[in-house]
Every structure is written in C-alpha cells, then in structure tokens.
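The structure appears below as structure tokens.
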Amino acid sequence: MPEDIFVSEVGPRDGLQNISTVMPTAVKKAWIAAESAAGVREIEVGSFVPAKLLPQLADTAEIVAFAKTIPDLTVAVLVPNLRGAHDAILAQADKITLPLSVSESHSLANLRRTHDQVIEDATRIAATIASLPEGKRPHFEGSLSTVFGCTIEGAIPESQILRLAERLMEAGCDEVGLSDTTGYADPHAVKHMVKAVRGVVGDRALTGIHLHNTRGLGLANVLAALDVGLTTVDSSLGGIGGCPFAPGASGNIVTEDLVFMLQAMGLKTRIDLEKLLAVRKIVQEALPGEELYGFTPNAGLPLGFQGEVGPRELETII
C-alpha cells in the first residue's frame, strides 16, 4: 500500500452539477481557495459544457482563471467532447478528463456519442495538446465510466472494458481512470478491475479511481484500491453530488471522512484536517437546502488525534 495518497476534490464539478442550486461564483472561489489552503493539491473546478445544459457550471472559465492564481494547485476540469477540450485548453486548465462510458447505451444517453465518436475526440484532443509548447500541455486523462456496471446494460463484458482502455491510450491519453458511476463496485471488484486494466495499459497509466458511496461501500472500496497500488482518490466535500440514479442515497465519497481514515491509518495526504473541516461551513451556508454527508464532521476528531504524525508500519488491510 502506498504511503502518500493524493486526494482529488471533485465537489465543485461533480457535486454541484448534481444539485439544482446554483452556487454563486464568489462562493465557489472561496471554497476552492479554502480547500487549497487546507492542503488539497488537486481540485476539479468545473466542466466545459453548454450553460443551457448545466447552468450550475456556466462560470467554469472564470473559476479556472481564478484557481490558476493559487500556487501549487492542480486545476482540473471535465470535458464532454472536443469543443469542451478546446475551451479547457484556452482557459489553461492543468488537467483535462474526458469520460468514456464503457456502456455504449450510457454513453449515448449521457453524451449522445458512440464509443467510436468519443475515441475520435480523444485522438483529436491529444493531437491538439501535443501541438502546444512543452510546459503548456495539460495532463489528459480518459475516464472509464460505468466500469463496475451500468443501470441500463448491467454488467459490461471485461473484454470490452479492456479494449476501450487500450484504445484511449492508443488515442494519446496520458492515463486512464476508473469511475464507479453507478455505485455498483465492491472491494473484490475494485481489486480485480485495477489488476485487469493495468494488465493491458501498464501500472503507470492507471493511478486513480473515482468511487461513489451509494451503497455504503465507498471507503471499503478505497482501501481495496490502495491495497493494489492506486495513489489517487476522488472525493467530494460533504459527499455532495454523485449518483443521480439512486435518489436519497449519498453519492460521492465524503472528503472529510476519507482524509480522516487515511490519516488515522498513518498515511500521508498533506492536508490539514481541521482546516478542511472548517471549509464545510462555506459550502453549507451556500447550499442551505442541500444535505451534506459525513460522519467525521458530525462526531468530531477523537481525543488526542494528531493528524499526520508520520507513517507507521502498515499491515495489509484487505
């Protein structure tokens, strides 16, 4: 199990796009600045999609411009297609993620694009990035969505998943990521999928995972992912957003709970947990009608908890 874990905050994108409330731009900036000050090193600040589809993210270009002024912060965005990628590149985002649902039915419903069309976009995006001067090229990730199952098609053949992972890398992606879009994953499935995908793209091309807590297995799945060597985990402050296909269930992993678990295990996150917990107030005040999840914020830190006091000898958790 790796000792230094990279926590990527996705709340300003994945969280906000799944709720009806439109958070004011000024509050988004305050949220992002506060999380960065707490030590969060990567934040997915928005998505370059048409404003008429997601008015919650209509200010993404302005948010990217602001986030780029924060030292040592990796500014990440999601793009649905080539046009969105061009906007992200123009805004000088540090990391671009293009989702490719391994379920073609879901891809058509979500992006209105076939697998071949998404791969074609990936090829063109990679070529555009390659044409930029060295040092100006954003990191390009192809995210394998619905990789643990689809609400439309059910289980997806593993051979199809592995071939799509290969095609993303052949198209020019720097890496692929795994996304439990529907909250179907379990620890055994996580371990198996990581090993299978790494078997075709290599260990360096798969370092991160996006998990949901829809059925209460989010943190268990994190441990499984870490146990097979992944080092990057997505999460959302307060667990907002996530899976819109499971009404009433929390979706994204709660950033506060994730960081507490990692630090309690002696792993490094470089995050000040008390400062992170204070960020929650910014989000809660801006979203008074939305429920925020998390056990750690409600229970508080244990007496004598010292946060990151250095790694200790670890045992295999799973």
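If you're wondering about the labels, chains in the structure tokens are A, B, ... by order shown, residues count from 1 in each chain, ligands from 1 in order shown.
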
(Q) List as a PyMOL selection string the protein and nucleic acid residues near Leu206 (chain A), meaning an atom at most 6 Å away when only C-alpha atoms are counted, but skip any in the same chain fewer than 6 places from it. (A) chain A and resi 175-177

Q: May I have the residues within 7 Å of Leu211 (chain A) as a list in words, using only C-alpha atoms and disregarding those fewer than 2 positions away in the same chain?
A: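 Listing them by chain and then by number gives Ser179, Asp180, Ile209, Asn213, Gly218, Asp234, Asn252 and Ile253 of chain A.
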
Q: Can you pull out every residue within 8 Å of Val279 (chain A), counting only C-alpha atoms, but drop anything in the same chain fewer than 5 positions away, and send it as a list in words?
A: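 Result of the neighbour search: Trp31, Ala34 and Glu35 of chain A.
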
Take the residues from that selection and write them out as a PDB file, in the first residue's frame, keeping N, CA and C atoms.
```
ATOM      1  N   TRP A  31     -14.559  28.633  -1.680  1.00  0.00           N
ATOM      2  CA  TRP A  31     -14.462  27.194  -1.398  1.00  0.00           C
ATOM      3  C   TRP A  31     -13.129  26.648  -1.906  1.00  0.00           C
ATOM      4  N   ALA A  34     -10.130  27.996   0.040  1.00  0.00           N
ATOM      5  CA  ALA A  34     -10.044  27.454   1.391  1.00  0.00           C
ATOM      6  C   ALA A  34      -9.560  26.007   1.389  1.00  0.00           C
ATOM      7  N   GLU A  35     -10.022  25.219   0.429  1.00  0.00           N
ATOM      8  CA  GLU A  35      -9.561  23.823   0.360  1.00  0.00           C
ATOM      9  C   GLU A  35      -8.088  23.754  -0.011  1.00  0.00           C
TER      10      GLU A  35
END
```

Q.
I need the residues of region 55-289 of chain A that end up classed as strand (DSSP E or B) by DSSP on the backbone, written out as a ChimeraX atom specification.
A. /A:74-78,95-101,139-145,150,154,175-179,208-210,212,232-236,252,254,268

Given the selection you just returned, output its residues as a file containing C-alpha atoms, formatted as an mmCIF file, in the first residue's frame.
```cif
data_model
loop_
_atom_site.group_PDB
_atom_site.id
_atom_site.type_symbol
_atom_site.label_atom_id
_atom_site.label_comp_id
_atom_site.auth_asym_id
_atom_site.auth_seq_id
_atom_site.Cartn_x
_atom_site.Cartn_y
_atom_site.Cartn_z
ATOM 1 C CA THR A 74 -3.594 21.405 -9.956
ATOM 2 C CA VAL A 75 -6.677 22.829 -11.667
ATOM 3 C CA ALA A 76 -8.701 20.004 -13.189
ATOM 4 C CA VAL A 77 -11.792 20.092 -15.411
ATOM 5 C CA LEU A 78 -14.053 17.594 -17.129
ATOM 6 C CA LYS A 95 -5.708 18.572 -16.204
ATOM 7 C CA ILE A 96 -8.459 17.554 -18.626
ATOM 8 C CA THR A 97 -10.643 14.494 -18.130
ATOM 9 C CA LEU A 98 -12.721 13.049 -20.970
ATOM 10 C CA PRO A 99 -15.296 10.469 -19.822
ATOM 11 C CA LEU A 100 -15.798 7.343 -21.903
ATOM 12 C CA SER A 101 -18.634 5.194 -20.618
ATOM 13 C CA HIS A 139 -2.427 16.329 -18.438
ATOM 14 C CA PHE A 140 -5.004 14.302 -20.379
ATOM 15 C CA GLU A 141 -6.998 11.544 -18.683
ATOM 16 C CA GLY A 142 -9.555 9.255 -20.268
ATOM 17 C CA SER A 143 -12.025 8.168 -17.594
ATOM 18 C CA LEU A 144 -13.659 4.748 -17.970
ATOM 19 C CA SER A 145 -17.169 5.418 -16.648
ATOM 20 C CA CYS A 150 -24.446 0.225 -15.790
ATOM 21 C CA GLY A 154 -25.934 -4.115 -16.225
ATOM 22 C CA GLU A 175 -3.566 7.828 -18.399
ATOM 23 C CA VAL A 176 -6.916 6.181 -17.827
ATOM 24 C CA GLY A 177 -9.016 6.366 -14.683
ATOM 25 C CA LEU A 178 -11.723 4.100 -13.288
ATOM 26 C CA SER A 179 -15.119 5.515 -12.342
ATOM 27 C CA GLY A 208 -6.586 6.959 -9.804
ATOM 28 C CA ILE A 209 -10.163 5.964 -9.097
ATOM 29 C CA HIS A 210 -13.500 7.747 -8.717
ATOM 30 C CA HIS A 212 -19.296 6.539 -5.059
ATOM 31 C CA THR A 232 -5.185 8.999 -6.290
ATOM 32 C CA VAL A 233 -8.740 9.011 -4.935
ATOM 33 C CA ASP A 234 -11.552 11.401 -5.897
ATOM 34 C CA SER A 235 -13.937 12.681 -3.229
ATOM 35 C CA SER A 236 -16.401 15.497 -2.602
ATOM 36 C CA ASN A 252 -19.558 10.777 -3.758
ATOM 37 C CA VAL A 254 -17.015 12.393 1.703
ATOM 38 C CA LYS A 268 0.178 10.995 4.179
#
```

Q) Looking at A:Val22, A:Val190, A:Ala122, A:Leu237, which one is nearest to Leu217 (chain A), with distances taken over only C-alpha atoms? A)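 Smallest distance to Leu217 (chain A) is found for A:Val190.
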
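CA of Ile125 (chain A) is positioned 7.8 Å from CA of His86 (chain A).
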
(Q) Can you tell me, as a ChimeraX atom specification, which residues in region 19-240 of chain A count as alpha helix (DSSP H) by DSSP? (A) /A:25-37,60-67,82-90,104-110,115-130,158-171,187-201,218-227

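Of the listed residues (A:Gln284, A:Thr296, A:Thr181, A:Gln92), A:Thr296 comes nearest to Met261 (chain A); the distances count only C-alpha atoms.
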
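Atom pair CA of Ile161 (chain A) / CA of Ala126 (chain A) has a distance of 20.6 Å (rounded to one decimal).
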
Q: Could you please determine the separation between CA of Asp4 (chain A) and CA of Thr146 (chain A) in Å, to one decimal place?
A: 27.1 Å

**Q.** Selected residue of minimal separation from Glu120 (chain A) among A:Gly172, A:Gly241, A:Pro24, A:Gly294, counting only C-alpha atoms
**A.**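 For Glu120 (chain A), the nearest of the given residues is A:Gly172.
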
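With only C-alpha atoms taken into account, the protein and nucleic acid residues at most 8 Å from Arg41 (chain A) (excluding it and anything under 2 positions from it in its own chain) are Phe6, Val7, Ser8, Ser36, Gly39, Ile43, Asp72, Leu73 and Thr74 of chain A.
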
Write a file of the selected residues as an mmCIF file, in the first residue's frame, keeping N, CA, C and O atoms.
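Dumped everything to result20.cif:
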```cif
data_model
loop_
_atom_site.group_PDB
_atom_site.id
_atom_site.type_symbol
_atom_site.label_atom_id
_atom_site.label_comp_id
_atom_site.auth_asym_id
_atom_site.auth_seq_id
_atom_site.Cartn_x
_atom_site.Cartn_y
_atom_site.Cartn_z
ATOM 1 N N PHE A 6 -2.922 10.912 -2.852
ATOM 2 C CA PHE A 6 -3.322 12.159 -3.492
ATOM 3 C C PHE A 6 -4.853 12.225 -3.495
ATOM 4 O O PHE A 6 -5.513 11.441 -4.182
ATOM 5 N N VAL A 7 -5.418 13.131 -2.717
ATOM 6 C CA VAL A 7 -6.876 13.304 -2.652
ATOM 7 C C VAL A 7 -7.282 14.394 -3.629
ATOM 8 O O VAL A 7 -6.829 15.542 -3.521
ATOM 9 N N SER A 8 -8.116 14.048 -4.586
ATOM 10 C CA SER A 8 -8.580 14.998 -5.596
ATOM 11 C C SER A 8 -10.018 15.394 -5.296
ATOM 12 O O SER A 8 -10.925 14.550 -5.307
ATOM 13 N N SER A 36 -7.677 24.615 -0.915
ATOM 14 C CA SER A 36 -6.262 24.639 -1.265
ATOM 15 C C SER A 36 -5.422 25.045 -0.059
ATOM 16 O O SER A 36 -4.363 24.457 0.208
ATOM 17 N N GLY A 39 -4.579 22.332 2.151
ATOM 18 C CA GLY A 39 -3.602 21.364 1.675
ATOM 19 C C GLY A 39 -4.058 20.473 0.545
ATOM 20 O O GLY A 39 -3.294 19.627 0.073
ATOM 21 N N ILE A 43 -8.027 20.072 -7.461
ATOM 22 C CA ILE A 43 -9.468 20.315 -7.374
ATOM 23 C C ILE A 43 -10.052 20.354 -8.781
ATOM 24 O O ILE A 43 -9.560 21.084 -9.644
ATOM 25 N N ASP A 72 0.625 26.118 -6.457
ATOM 26 C CA ASP A 72 0.733 24.680 -6.180
ATOM 27 C C ASP A 72 -0.593 23.927 -6.236
ATOM 28 O O ASP A 72 -0.719 22.853 -5.652
ATOM 29 N N LEU A 73 -1.583 24.472 -6.925
ATOM 30 C CA LEU A 73 -2.860 23.783 -7.077
ATOM 31 C C LEU A 73 -3.001 23.266 -8.503
ATOM 32 O O LEU A 73 -2.844 24.023 -9.461
ATOM 33 N N THR A 74 -3.284 21.974 -8.650
ATOM 34 C CA THR A 74 -3.594 21.405 -9.956
ATOM 35 C C THR A 74 -5.064 21.671 -10.248
ATOM 36 O O THR A 74 -5.947 21.210 -9.516
#
```

Q: Name all residues at most 10 Å from Ile5 (chain A) (count only C-alpha atoms; drop same-chain ones fewer than 2 positions away) and give them as a list in words.
A: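 Residues near the query, excluding close chain neighbours: Met1, Pro2, Glu3, Val7, Ser8, Leu226, Leu230, Thr231, Thr232, Val233, Val259, Leu262, Gln263, Leu267, Lys268, Thr269 and Arg270 of chain A.
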
Q) Which of these, A:Leu111, A:Ile129, A:Ala220, A:Val102, has the shortest distance to Ile156 (chain A) once you count only C-alpha atoms? A) A:Val102

**Q.** Which of A:Ala37, A:Gly149, A:Ser105, A:Lys29 sits closest to Glu274 (chain A) [using only C-alpha atoms]
**A.** A:Ala37
